[in-house]
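Peer 1: Coordinates in my_file31.cif, mmCIF, C-alpha atoms; chains and numbers go by the auth columns, are listed below.
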data_protein
loop_
_atom_site.group_PDB
_atom_site.id
_atom_site.type_symbol
_atom_site.label_atom_id
_atom_site.label_comp_id
_atom_site.label_asym_id
_atom_site.label_seq_id
_atom_site.Cartn_x
_atom_site.Cartn_y
_atom_site.Cartn_z
_atom_site.B_iso_or_equiv
_atom_site.auth_seq_id
_atom_site.auth_asym_id
ATOM 1 C CA MET A 1 42.524 -94.831 -184.637 0.00 2 X
ATOM 2 C CA LYS A 2 44.448 -92.361 -186.742 0.00 3 X
ATOM 3 C CA SER A 3 43.426 -88.773 -186.236 0.00 4 X
ATOM 4 C CA THR A 4 42.521 -86.728 -189.323 0.00 5 X
ATOM 5 C CA ALA A 5 42.414 -83.397 -187.537 0.00 6 X
ATOM 6 C CA ARG A 6 44.545 -80.632 -188.996 0.00 7 X
ATOM 7 C CA PHE A 7 46.091 -77.912 -186.977 0.00 8 X
ATOM 8 C CA SER A 8 46.942 -74.481 -188.265 0.00 9 X
ATOM 9 C CA THR A 9 50.651 -73.750 -188.433 0.00 10 X
ATOM 10 C CA SER A 10 50.227 -69.990 -188.455 0.00 11 X
ATOM 11 C CA SER A 11 51.584 -68.359 -185.340 0.00 12 X
ATOM 12 C CA ALA A 12 49.580 -66.034 -183.135 0.00 13 X
ATOM 13 C CA GLY A 13 52.036 -63.263 -183.800 0.00 14 X
ATOM 14 C CA THR A 14 51.319 -63.089 -187.549 0.00 15 X
ATOM 15 C CA PRO A 15 48.849 -60.144 -187.330 0.00 16 X
ATOM 16 C CA ILE A 16 51.310 -58.264 -185.135 0.00 17 X
ATOM 17 C CA ARG A 17 54.109 -58.812 -187.634 0.00 18 X
ATOM 18 C CA SER A 18 51.807 -57.742 -190.448 0.00 19 X
ATOM 19 C CA VAL A 19 51.027 -54.488 -188.666 0.00 20 X
ATOM 20 C CA ALA A 20 54.689 -53.944 -187.781 0.00 21 X
ATOM 21 C CA ARG A 21 55.696 -54.254 -191.438 0.00 22 X
ATOM 22 C CA GLN A 22 53.285 -51.439 -192.317 0.00 23 X
ATOM 23 C CA LEU A 23 54.686 -49.005 -189.746 0.00 24 X
ATOM 24 C CA SER A 24 57.130 -46.256 -190.640 0.00 25 X
ATOM 25 C CA LEU A 25 60.250 -46.465 -188.491 0.00 26 X
ATOM 26 C CA PRO A 26 61.004 -42.702 -188.700 0.00 27 X
ATOM 27 C CA LEU A 27 57.488 -41.747 -187.588 0.00 28 X
ATOM 28 C CA VAL A 28 57.424 -44.354 -184.830 0.00 29 X
ATOM 29 C CA GLY A 29 60.900 -43.269 -183.706 0.00 30 X
ATOM 30 C CA LEU A 30 59.831 -39.609 -183.572 0.00 31 X
ATOM 31 C CA CYS A 31 56.821 -40.437 -181.396 0.00 32 X
ATOM 32 C CA VAL A 32 58.952 -42.643 -179.143 0.00 33 X
ATOM 33 C CA VAL A 33 61.454 -39.798 -178.716 0.00 34 X
ATOM 34 C CA MET A 34 58.663 -37.430 -177.689 0.00 35 X
ATOM 35 C CA LEU A 35 57.248 -40.047 -175.307 0.00 36 X
ATOM 36 C CA VAL A 36 60.640 -40.607 -173.681 0.00 37 X
ATOM 37 C CA ALA A 37 61.146 -36.839 -173.438 0.00 38 X
ATOM 38 C CA GLY A 38 57.800 -36.590 -171.657 0.00 39 X
ATOM 39 C CA ILE A 39 58.730 -39.360 -169.229 0.00 40 X
ATOM 40 C CA ALA A 40 62.018 -37.593 -168.485 0.00 41 X
ATOM 41 C CA SER A 41 60.218 -34.288 -168.002 0.00 42 X
ATOM 42 C CA GLY A 42 57.757 -35.914 -165.620 0.00 43 X
ATOM 43 C CA GLY A 43 60.616 -37.509 -163.721 0.00 44 X
ATOM 44 C CA LEU A 44 62.273 -34.110 -163.243 0.00 45 X
ATOM 45 C CA SER A 45 58.968 -32.641 -162.109 0.00 46 X
ATOM 46 C CA TYR A 46 58.518 -35.439 -159.584 0.00 47 X
ATOM 47 C CA ARG A 47 62.101 -35.103 -158.346 0.00 48 X
ATOM 48 C CA HIS A 48 61.621 -31.397 -157.626 0.00 49 X
ATOM 49 C CA ARG A 49 58.146 -31.831 -156.133 0.00 50 X
ATOM 50 C CA SER A 50 57.085 -29.638 -153.264 0.00 51 X
ATOM 51 C CA PRO A 51 56.917 -31.234 -149.797 0.00 52 X
ATOM 52 C CA VAL A 52 53.857 -29.105 -149.026 0.00 53 X
ATOM 53 C CA ARG A 53 50.612 -30.908 -149.851 0.00 54 X
ATOM 54 C CA GLU A 54 47.958 -28.911 -151.634 0.00 55 X
ATOM 55 C CA GLY A 55 44.314 -29.213 -150.656 0.00 56 X
ATOM 56 C CA HIS A 56 41.712 -30.727 -152.959 0.00 57 X
ATOM 57 C CA SER A 57 39.160 -28.319 -154.447 0.00 58 X
ATOM 58 C CA ALA A 58 35.706 -29.731 -155.082 0.00 59 X
ATOM 59 C CA GLY A 59 34.585 -29.895 -158.703 0.00 60 X
ATOM 60 C CA THR A 60 38.039 -29.987 -160.265 0.00 61 X
ATOM 61 C CA ALA A 61 37.871 -33.672 -161.265 0.00 62 X
ATOM 62 C CA ALA A 62 35.511 -32.894 -164.204 0.00 63 X
ATOM 63 C CA TRP A 63 34.328 -36.482 -164.534 0.00 64 X
ATOM 64 C CA TRP A 64 30.995 -35.616 -166.158 0.00 65 X
ATOM 65 C CA PRO A 65 32.496 -33.515 -168.977 0.00 66 X
ATOM 66 C CA HIS A 66 34.976 -36.295 -169.622 0.00 67 X
ATOM 67 C CA LEU A 67 32.165 -38.801 -169.823 0.00 68 X
ATOM 68 C CA GLY A 68 30.779 -36.736 -172.692 0.00 69 X
ATOM 69 C CA VAL A 69 34.233 -36.628 -174.272 0.00 70 X
ATOM 70 C CA LEU A 70 34.430 -40.410 -173.978 0.00 71 X
ATOM 71 C CA VAL A 71 31.082 -40.846 -175.764 0.00 72 X
ATOM 72 C CA LEU A 72 32.154 -38.531 -178.585 0.00 73 X
ATOM 73 C CA CYS A 73 35.469 -40.359 -178.990 0.00 74 X
ATOM 74 C CA VAL A 74 33.718 -43.731 -179.140 0.00 75 X
ATOM 75 C CA VAL A 75 31.266 -42.435 -181.769 0.00 76 X
ATOM 76 C CA PHE A 76 33.988 -40.917 -183.953 0.00 77 X
ATOM 77 C CA LEU A 77 36.350 -43.878 -183.653 0.00 78 X
ATOM 78 C CA GLY A 78 33.530 -46.345 -184.259 0.00 79 X
ATOM 79 C CA GLY A 79 32.495 -44.524 -187.423 0.00 80 X
ATOM 80 C CA ALA A 80 36.113 -44.317 -188.579 0.00 81 X
ATOM 81 C CA TRP A 81 36.605 -48.035 -187.934 0.00 82 X
ATOM 82 C CA LEU A 82 33.533 -48.948 -190.007 0.00 83 X
ATOM 83 C CA ARG A 83 34.680 -46.677 -192.831 0.00 84 X
ATOM 84 C CA CYS A 84 38.174 -48.137 -192.642 0.00 85 X
ATOM 85 C CA ARG A 85 36.849 -51.687 -192.982 0.00 86 X
ATOM 86 C CA ARG A 86 34.792 -50.634 -196.005 0.00 87 X
ATOM 87 C CA VAL A 87 37.513 -48.641 -197.784 0.00 88 X
ATOM 88 C CA ARG A 88 40.547 -50.712 -196.721 0.00 89 X
ATOM 89 C CA PRO A 89 39.405 -54.285 -196.052 0.00 90 X
ATOM 90 C CA THR A 90 43.021 -55.459 -196.351 0.00 91 X
ATOM 91 C CA GLY A 91 46.490 -53.965 -196.249 0.00 92 X
ATOM 92 C CA ASP A 92 46.979 -50.837 -194.187 0.00 93 X
ATOM 93 C CA GLY A 93 43.380 -51.081 -192.963 0.00 94 X
ATOM 94 C CA ARG A 94 44.734 -53.285 -190.179 0.00 95 X
ATOM 95 C CA LEU A 95 46.586 -50.351 -188.705 0.00 96 X
ATOM 96 C CA PHE A 96 43.510 -48.250 -187.912 0.00 97 X
ATOM 97 C CA LEU A 97 44.632 -46.289 -184.827 0.00 98 X
ATOM 98 C CA LEU A 98 48.247 -46.573 -185.952 0.00 99 X
ATOM 99 C CA MET A 99 47.605 -45.229 -189.465 0.00 100 X
ATOM 100 C CA PRO A 100 49.274 -41.881 -188.632 0.00 101 X
ATOM 101 C CA LEU A 101 52.449 -43.923 -188.060 0.00 102 X
ATOM 102 C CA GLY A 102 52.115 -46.076 -191.169 0.00 103 X
ATOM 103 C CA ARG A 103 54.311 -46.132 -194.243 0.00 104 X
ATOM 104 C CA SER A 104 51.487 -44.672 -196.288 0.00 105 X
ATOM 105 C CA ALA A 105 51.424 -41.628 -194.004 0.00 106 X
ATOM 106 C CA ALA A 106 55.204 -41.286 -194.349 0.00 107 X
ATOM 107 C CA ARG A 107 54.961 -41.435 -198.143 0.00 108 X
ATOM 108 C CA ARG A 108 52.214 -38.811 -198.122 0.00 109 X
ATOM 109 C CA LEU A 109 54.354 -36.543 -195.961 0.00 110 X
ATOM 110 C CA ARG A 110 57.406 -36.943 -198.205 0.00 111 X
ATOM 111 C CA ARG A 111 55.331 -36.362 -201.313 0.00 112 X
ATOM 112 C CA THR A 112 53.801 -33.192 -199.851 0.00 113 X
ATOM 113 C CA MET A 113 57.211 -31.851 -198.807 0.00 114 X
ATOM 114 C CA SER A 114 58.661 -32.603 -202.237 0.00 115 X
ATOM 115 C CA ALA A 115 55.774 -30.962 -204.104 0.00 116 X
ATOM 116 C CA ALA A 116 55.814 -27.916 -201.807 0.00 117 X
ATOM 117 C CA ARG A 117 59.143 -26.837 -203.343 0.00 118 X
ATOM 118 C CA ARG A 118 57.520 -26.445 -206.764 0.00 119 X
ATOM 119 C CA ARG A 119 53.873 -25.667 -206.028 0.00 120 X
ATOM 120 C CA PRO A 120 52.923 -22.740 -203.749 0.00 121 X
ATOM 121 C CA ALA A 121 49.473 -24.190 -203.080 0.00 122 X
ATOM 122 C CA VAL A 122 51.023 -27.351 -201.657 0.00 123 X
ATOM 123 C CA LEU A 123 53.394 -25.216 -199.578 0.00 124 X
ATOM 124 C CA VAL A 124 50.353 -23.586 -197.968 0.00 125 X
ATOM 125 C CA ARG A 125 48.904 -27.034 -197.220 0.00 126 X
ATOM 126 C CA LEU A 126 52.207 -28.122 -195.703 0.00 127 X
ATOM 127 C CA ALA A 127 52.369 -25.002 -193.511 0.00 128 X
ATOM 128 C CA ALA A 128 48.808 -25.629 -192.328 0.00 129 X
ATOM 129 C CA ALA A 129 49.733 -29.239 -191.468 0.00 130 X
ATOM 130 C CA VAL A 130 52.408 -28.080 -189.007 0.00 131 X
ATOM 131 C CA LEU A 131 49.877 -27.268 -186.281 0.00 132 X
ATOM 132 C CA PRO A 132 48.022 -30.637 -186.191 0.00 133 X
ATOM 133 C CA ALA A 133 51.349 -32.472 -186.487 0.00 134 X
ATOM 134 C CA ALA A 134 52.721 -30.480 -183.542 0.00 135 X
ATOM 135 C CA LEU A 135 49.559 -31.308 -181.589 0.00 136 X
ATOM 136 C CA LEU A 136 50.137 -35.029 -182.143 0.00 137 X
ATOM 137 C CA LEU A 137 53.741 -34.761 -181.000 0.00 138 X
ATOM 138 C CA TYR A 138 52.663 -32.750 -177.956 0.00 139 X
ATOM 139 C CA SER A 139 50.149 -35.470 -177.097 0.00 140 X
ATOM 140 C CA CYS A 140 52.977 -38.026 -177.104 0.00 141 X
ATOM 141 C CA TRP A 141 54.997 -35.799 -174.785 0.00 142 X
ATOM 142 C CA ARG A 142 52.016 -35.197 -172.498 0.00 143 X
ATOM 143 C CA VAL A 143 51.244 -38.904 -172.237 0.00 144 X
ATOM 144 C CA GLY A 144 54.822 -39.571 -171.153 0.00 145 X
ATOM 145 C CA ASP A 145 54.877 -36.631 -168.731 0.00 146 X
ATOM 146 C CA GLN A 146 51.913 -38.115 -166.855 0.00 147 X
ATOM 147 C CA VAL A 147 53.709 -41.408 -166.154 0.00 148 X
ATOM 148 C CA LEU A 148 56.187 -40.106 -163.556 0.00 149 X
ATOM 149 C CA GLY A 149 54.892 -36.594 -162.992 0.00 150 X
ATOM 150 C CA GLY A 150 51.564 -37.986 -161.842 0.00 151 X
ATOM 151 C CA LEU A 151 53.267 -39.707 -158.916 0.00 152 X
ATOM 152 C CA ASP A 152 53.458 -36.302 -157.255 0.00 153 X
ATOM 153 C CA PRO A 153 50.240 -35.882 -155.196 0.00 154 X
ATOM 154 C CA ASN A 154 50.199 -32.164 -155.998 0.00 155 X
ATOM 155 C CA PHE A 155 50.292 -33.043 -159.709 0.00 156 X
ATOM 156 C CA THR A 156 46.928 -34.841 -159.551 0.00 157 X
ATOM 157 C CA VAL A 157 45.146 -33.421 -156.515 0.00 158 X
ATOM 158 C CA ASN A 158 43.213 -30.838 -158.557 0.00 159 X
ATOM 159 C CA ALA A 159 43.735 -32.312 -162.007 0.00 160 X
ATOM 160 C CA TRP A 160 40.984 -33.639 -164.248 0.00 161 X
ATOM 161 C CA GLY A 161 40.236 -37.110 -162.969 0.00 162 X
ATOM 162 C CA GLY A 162 42.085 -36.400 -159.725 0.00 163 X
ATOM 163 C CA PRO A 163 42.955 -36.646 -156.971 0.00 164 X
ATOM 164 C CA THR A 164 44.055 -40.233 -157.698 0.00 165 X
ATOM 165 C CA TYR A 165 46.897 -41.154 -160.051 0.00 166 X
ATOM 166 C CA LEU A 166 44.853 -43.579 -162.145 0.00 167 X
ATOM 167 C CA GLY A 167 41.914 -41.204 -162.454 0.00 168 X
ATOM 168 C CA ALA A 168 44.101 -38.325 -163.613 0.00 169 X
ATOM 169 C CA MET A 169 45.921 -40.610 -166.051 0.00 170 X
ATOM 170 C CA ALA A 170 42.627 -41.863 -167.512 0.00 171 X
ATOM 171 C CA CYS A 171 41.323 -38.335 -168.114 0.00 172 X
ATOM 172 C CA HIS A 172 44.599 -37.020 -169.500 0.00 173 X
ATOM 173 C CA TYR A 173 44.959 -39.969 -171.865 0.00 174 X
ATOM 174 C CA LEU A 174 41.350 -39.490 -172.962 0.00 175 X
ATOM 175 C CA ASP A 175 42.150 -35.846 -173.680 0.00 176 X
ATOM 176 C CA ALA A 176 45.111 -36.974 -175.770 0.00 177 X
ATOM 177 C CA VAL A 177 42.823 -39.177 -177.865 0.00 178 X
ATOM 178 C CA ALA A 178 40.306 -36.335 -178.196 0.00 179 X
ATOM 179 C CA MET A 179 43.041 -34.009 -179.469 0.00 180 X
ATOM 180 C CA ALA A 180 44.483 -36.620 -181.817 0.00 181 X
ATOM 181 C CA ILE A 181 41.187 -37.253 -183.624 0.00 182 X
ATOM 182 C CA PRO A 182 40.799 -33.772 -185.204 0.00 183 X
ATOM 183 C CA ALA A 183 44.569 -33.531 -185.719 0.00 184 X
ATOM 184 C CA VAL A 184 44.642 -36.764 -187.731 0.00 185 X
ATOM 185 C CA TRP A 185 41.526 -35.693 -189.650 0.00 186 X
ATOM 186 C CA LEU A 186 43.159 -32.403 -190.624 0.00 187 X
ATOM 187 C CA LEU A 187 46.391 -34.099 -191.662 0.00 188 X
ATOM 188 C CA ASP A 188 44.443 -36.549 -193.797 0.00 189 X
ATOM 189 C CA ARG A 189 42.854 -33.597 -195.612 0.00 190 X
ATOM 190 C CA LEU A 190 46.009 -31.521 -195.937 0.00 191 X
ATOM 191 C CA LEU A 191 48.625 -34.057 -197.053 0.00 192 X
ATOM 192 C CA LEU A 192 48.734 -35.154 -200.671 0.00 193 X
ATOM 193 C CA PRO A 193 47.260 -38.611 -201.349 0.00 194 X
ATOM 194 C CA ASP A 194 49.495 -41.640 -201.438 0.00 195 X
ATOM 195 C CA GLY A 195 50.690 -42.887 -204.803 0.00 196 X
ATOM 196 C CA PRO A 196 53.743 -43.281 -207.018 0.00 197 X
ATOM 197 C CA THR A 197 55.993 -40.274 -207.255 0.00 198 X
ATOM 198 C CA PRO A 198 56.059 -38.373 -210.593 0.00 199 X
ATOM 199 C CA ASN A 199 59.513 -39.761 -211.459 0.00 200 X
ATOM 200 C CA ARG A 200 58.425 -43.312 -210.787 0.00 201 X
ATOM 201 C CA ARG A 201 55.228 -42.759 -212.757 0.00 202 X
ATOM 202 C CA ARG A 202 57.149 -41.388 -215.722 0.00 203 X
ATOM 203 C CA GLY A 203 59.587 -44.300 -215.520 0.00 204 X
ATOM 204 C CA ARG A 204 56.739 -46.781 -215.405 0.00 205 X
ATOM 205 C CA ASP A 205 54.979 -45.130 -218.343 0.00 206 X
ATOM 206 C CA ARG A 206 58.277 -45.077 -220.256 0.00 207 X
ATOM 207 C CA ARG A 207 58.829 -48.783 -219.617 0.00 208 X
ATOM 208 C CA GLN A 208 55.275 -49.586 -220.678 0.00 209 X
ATOM 209 C CA SER A 209 55.629 -47.448 -223.804 0.00 210 X
ATOM 210 C CA GLY A 210 58.982 -49.038 -224.604 0.00 211 X
ATOM 211 C CA SER A 211 57.566 -52.498 -224.125 0.00 212 X
ATOM 212 C CA ALA A 212 54.639 -51.742 -226.437 0.00 213 X
ATOM 213 C CA THR A 213 56.953 -50.188 -229.054 0.00 214 X
ATOM 214 C CA GLY A 214 59.293 -53.161 -228.886 0.00 215 X
ATOM 215 C CA GLN A 215 56.406 -55.580 -229.340 0.00 216 X
ATOM 216 C CA VAL A 216 55.146 -53.710 -232.398 0.00 217 X
ATOM 217 C CA GLY A 217 58.692 -53.643 -233.805 0.00 218 X
ATOM 218 C CA ARG A 218 59.112 -57.388 -233.349 0.00 219 X
ATOM 219 C CA GLN A 219 55.782 -58.039 -235.053 0.00 220 X
ATOM 220 C CA GLU A 220 56.772 -55.829 -238.017 0.00 221 X
ATOM 221 C CA TRP A 221 60.143 -57.569 -238.289 0.00 222 X
ATOM 222 C CA ALA A 222 58.457 -60.979 -238.291 0.00 223 X
ATOM 223 C CA ARG A 223 56.007 -59.839 -241.003 0.00 224 X
ATOM 224 C CA ARG A 224 58.825 -58.573 -243.241 0.00 225 X
ATOM 225 C CA ALA A 225 60.822 -61.751 -242.664 0.00 226 X
ATOM 226 C CA ARG A 226 57.849 -63.885 -243.740 0.00 227 X
ATOM 227 C CA ALA A 227 57.337 -61.720 -246.845 0.00 228 X
ATOM 228 C CA TYR A 228 61.029 -62.004 -247.743 0.00 229 X
ATOM 229 C CA HIS A 229 61.014 -65.791 -247.393 0.00 230 X
ATOM 230 C CA SER A 230 57.884 -65.974 -249.530 0.00 231 X
ATOM 231 C CA GLN A 231 59.545 -63.953 -252.291 0.00 232 X
ATOM 232 C CA VAL A 232 62.687 -66.126 -252.121 0.00 233 X
ATOM 233 C CA SER A 233 60.549 -69.248 -252.378 0.00 234 X
ATOM 234 C CA MET A 234 58.641 -67.945 -255.424 0.00 235 X
ATOM 235 C CA ILE A 235 61.929 -67.016 -257.173 0.00 236 X
ATOM 236 C CA SER A 236 63.344 -70.492 -256.470 0.00 237 X
ATOM 237 C CA VAL A 237 60.258 -72.204 -257.838 0.00 238 X
ATOM 238 C CA GLY A 238 60.277 -70.039 -260.925 0.00 239 X
ATOM 239 C CA ALA A 239 63.925 -70.779 -261.562 0.00 240 X
#
Can I see the file as structure tokens?
Peer 2:
Amino acid sequence: MKSTARFSTSSAGTPIRSVARQLSLPLVGLCVVMLVAGIASGGLSYRHRSPVREGHSAGTAAWWPHLGVLVLCVVFLGGAWLRCRRVRPTGDGRLFLLMPLGRSAARRLRRTMSAARRRPAVLVRLAAAVLPAALLLYSCWRVGDQVLGGLDPNFTVNAWGGPTYLGAMACHYLDAVAMAIPAVWLLDRLLLPDGPTPNRRRGRDRRQSGSATGQVGRQEWARRARAYHSQVSMISVGA
């Protein structure tokens, strides 16, 4: 019996490729550089670790406060995800957590920097965006620093989530997410919205205007040509 079943030919990696195409290579590269710098910094810290073990102090793990931070992060990210699905059902809406690294974010940054040279108000917005942007880059560095630096027992013995490596990493990474949420929110409010640049907009309007003018000209030429042929025909008949 011949089977009529049809199998999808789309690969499992299609959503990943779709997200990758929406990422900005300069922004991703900058974050990767900060992450690698953090890993290197943590490696140096671990290499020069002290042979003397520090004692654990009770109450330094701060698990209960971090449980509250976790709940707040879940609430904020859940609300942002629902809003993202409603506002951006397709396109860059797939990025979600990676939106700060998307091409749209890169275009907004370039547009803000370009406009800041001509508009003082935008320059103030750009200056205010330096702090949240620096906080995001610091978070990348701090995440990398924890990878090798946390191998030192003295690094995690009295850290949040300590004294274990995994516990300290979980709390520090949660803190990074908690810092990134307001930073991204501020950047979204401070950077100019995405859209065509003024030059491109003027060029597009000029092309549209030229196309409309050309169409009207062609119609007028055709009307005059028809009138001319009509006059020639009447003269020929009269002759």
Peer 1: Could you list, as a ChimeraX atom specification, every residue matched by the PyMOL selection byres ((chain X and resi 68) around 12) in this structure?
Peer 2: /X:62-67,69-75,161-162,171-172,175-176,179
Peer 1: To test your reading of the syntax: which residues would the PyMOL selection byres ((chain X and resi 117-134) around 7) return for the file shown? Reply as a list in words.
Peer 2: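 For this structure, the PyMOL selection byres ((chain X and resi 117-134) around 7) captures Thr113, Met114, Ser115, Ala116, Ala135, Leu136, Leu137, Leu138, Ala184, Leu187, Leu188 and Leu191 of chain X.
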Peer 1: How far is it from atom CA of X:His57 to atom CA of X:His173, in Å with one decimal?
Peer 2: 17.9 Å
Peer 1: May I have the protein, DNA and RNA residues with an atom at most 12 Å from (50.1, -30.7, -158.6), counting only C-alpha atoms in the file's coordinates, returned as an NGL selection string?
Peer 2: :X and (43 or 46-47 or 49-58 or 147 or 150-161 or 163-166 or 169)
Peer 1: Mind telling me what the PyMOL selection byres ((chain X and resi 31) around 12) catches here, as a list in words?
Peer 2: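 That selection, the PyMOL selection byres ((chain X and resi 31) around 12), comes back as Ser25, Leu26, Pro27, Leu28, Val29, Gly30, Cys32, Val33, Val34, Met35, Leu36, Val37, Ala38, Pro101, Leu102, Ala107, Ala134, Ala135, Leu137, Leu138, Tyr139, Cys141 and Trp142 of chain X.
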Peer 1: Restricted to C-alpha atoms, what would the selected residues look like written as a PDB file, in the frame of the given file?
Peer 2:
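Okay, selection-v4.pdb is ready:
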ATOM      1  CA  SER X  25      57.130 -46.256-190.640  1.00  0.00           C
ATOM      2  CA  LEU X  26      60.250 -46.465-188.491  1.00  0.00           C
ATOM      3  CA  PRO X  27      61.004 -42.702-188.700  1.00  0.00           C
ATOM      4  CA  LEU X  28      57.488 -41.747-187.588  1.00  0.00           C
ATOM      5  CA  VAL X  29      57.424 -44.354-184.830  1.00  0.00           C
ATOM      6  CA  GLY X  30      60.900 -43.269-183.706  1.00  0.00           C
ATOM      7  CA  CYS X  32      56.821 -40.437-181.396  1.00  0.00           C
ATOM      8  CA  VAL X  33      58.952 -42.643-179.143  1.00  0.00           C
ATOM      9  CA  VAL X  34      61.454 -39.798-178.716  1.00  0.00           C
ATOM     10  CA  MET X  35      58.663 -37.430-177.689  1.00  0.00           C
ATOM     11  CA  LEU X  36      57.248 -40.047-175.307  1.00  0.00           C
ATOM     12  CA  VAL X  37      60.640 -40.607-173.681  1.00  0.00           C
ATOM     13  CA  ALA X  38      61.146 -36.839-173.438  1.00  0.00           C
ATOM     14  CA  PRO X 101      49.274 -41.881-188.632  1.00  0.00           C
ATOM     15  CA  LEU X 102      52.449 -43.923-188.060  1.00  0.00           C
ATOM     16  CA  ALA X 107      55.204 -41.286-194.349  1.00  0.00           C
ATOM     17  CA  ALA X 134      51.349 -32.472-186.487  1.00  0.00           C
ATOM     18  CA  ALA X 135      52.721 -30.480-183.542  1.00  0.00           C
ATOM     19  CA  LEU X 137      50.137 -35.029-182.143  1.00  0.00           C
ATOM     20  CA  LEU X 138      53.741 -34.761-181.000  1.00  0.00           C
ATOM     21  CA  TYR X 139      52.663 -32.750-177.956  1.00  0.00           C
ATOM     22  CA  CYS X 141      52.977 -38.026-177.104  1.00  0.00           C
ATOM     23  CA  TRP X 142      54.997 -35.799-174.785  1.00  0.00           C
TER      24      TRP X 142
END
Peer 1: Just to confirm, what's the straight-line distance from atom CA of X:Ile182 to atom CA of X:Arg109 in Å (one decimal)?
Peer 2: 18.3 Å
Peer 1: To one decimal place, how far is atom CA of X:Gln23 from atom CA of X:Gly103 in Å?
Peer 2: 5.6 Å
Peer 1: Pick from X:Tyr174, X:Trp186, X:Arg108, X:Phe97: nearest to X:Leu83, with all atoms listed in the file counted?
Peer 2: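 That would be X:Phe97, the residue with the smallest distance to X:Leu83.
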Peer 1: Restricting the calculation to all atoms listed in the file, which member of X:Leu98, X:Val20, X:Arg112, X:Asp146 is positioned closest to X:Phe77?
Peer 2: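 Between X:Leu98, X:Val20, X:Arg112, X:Asp146, the residue approaching X:Phe77 most closely is X:Leu98.
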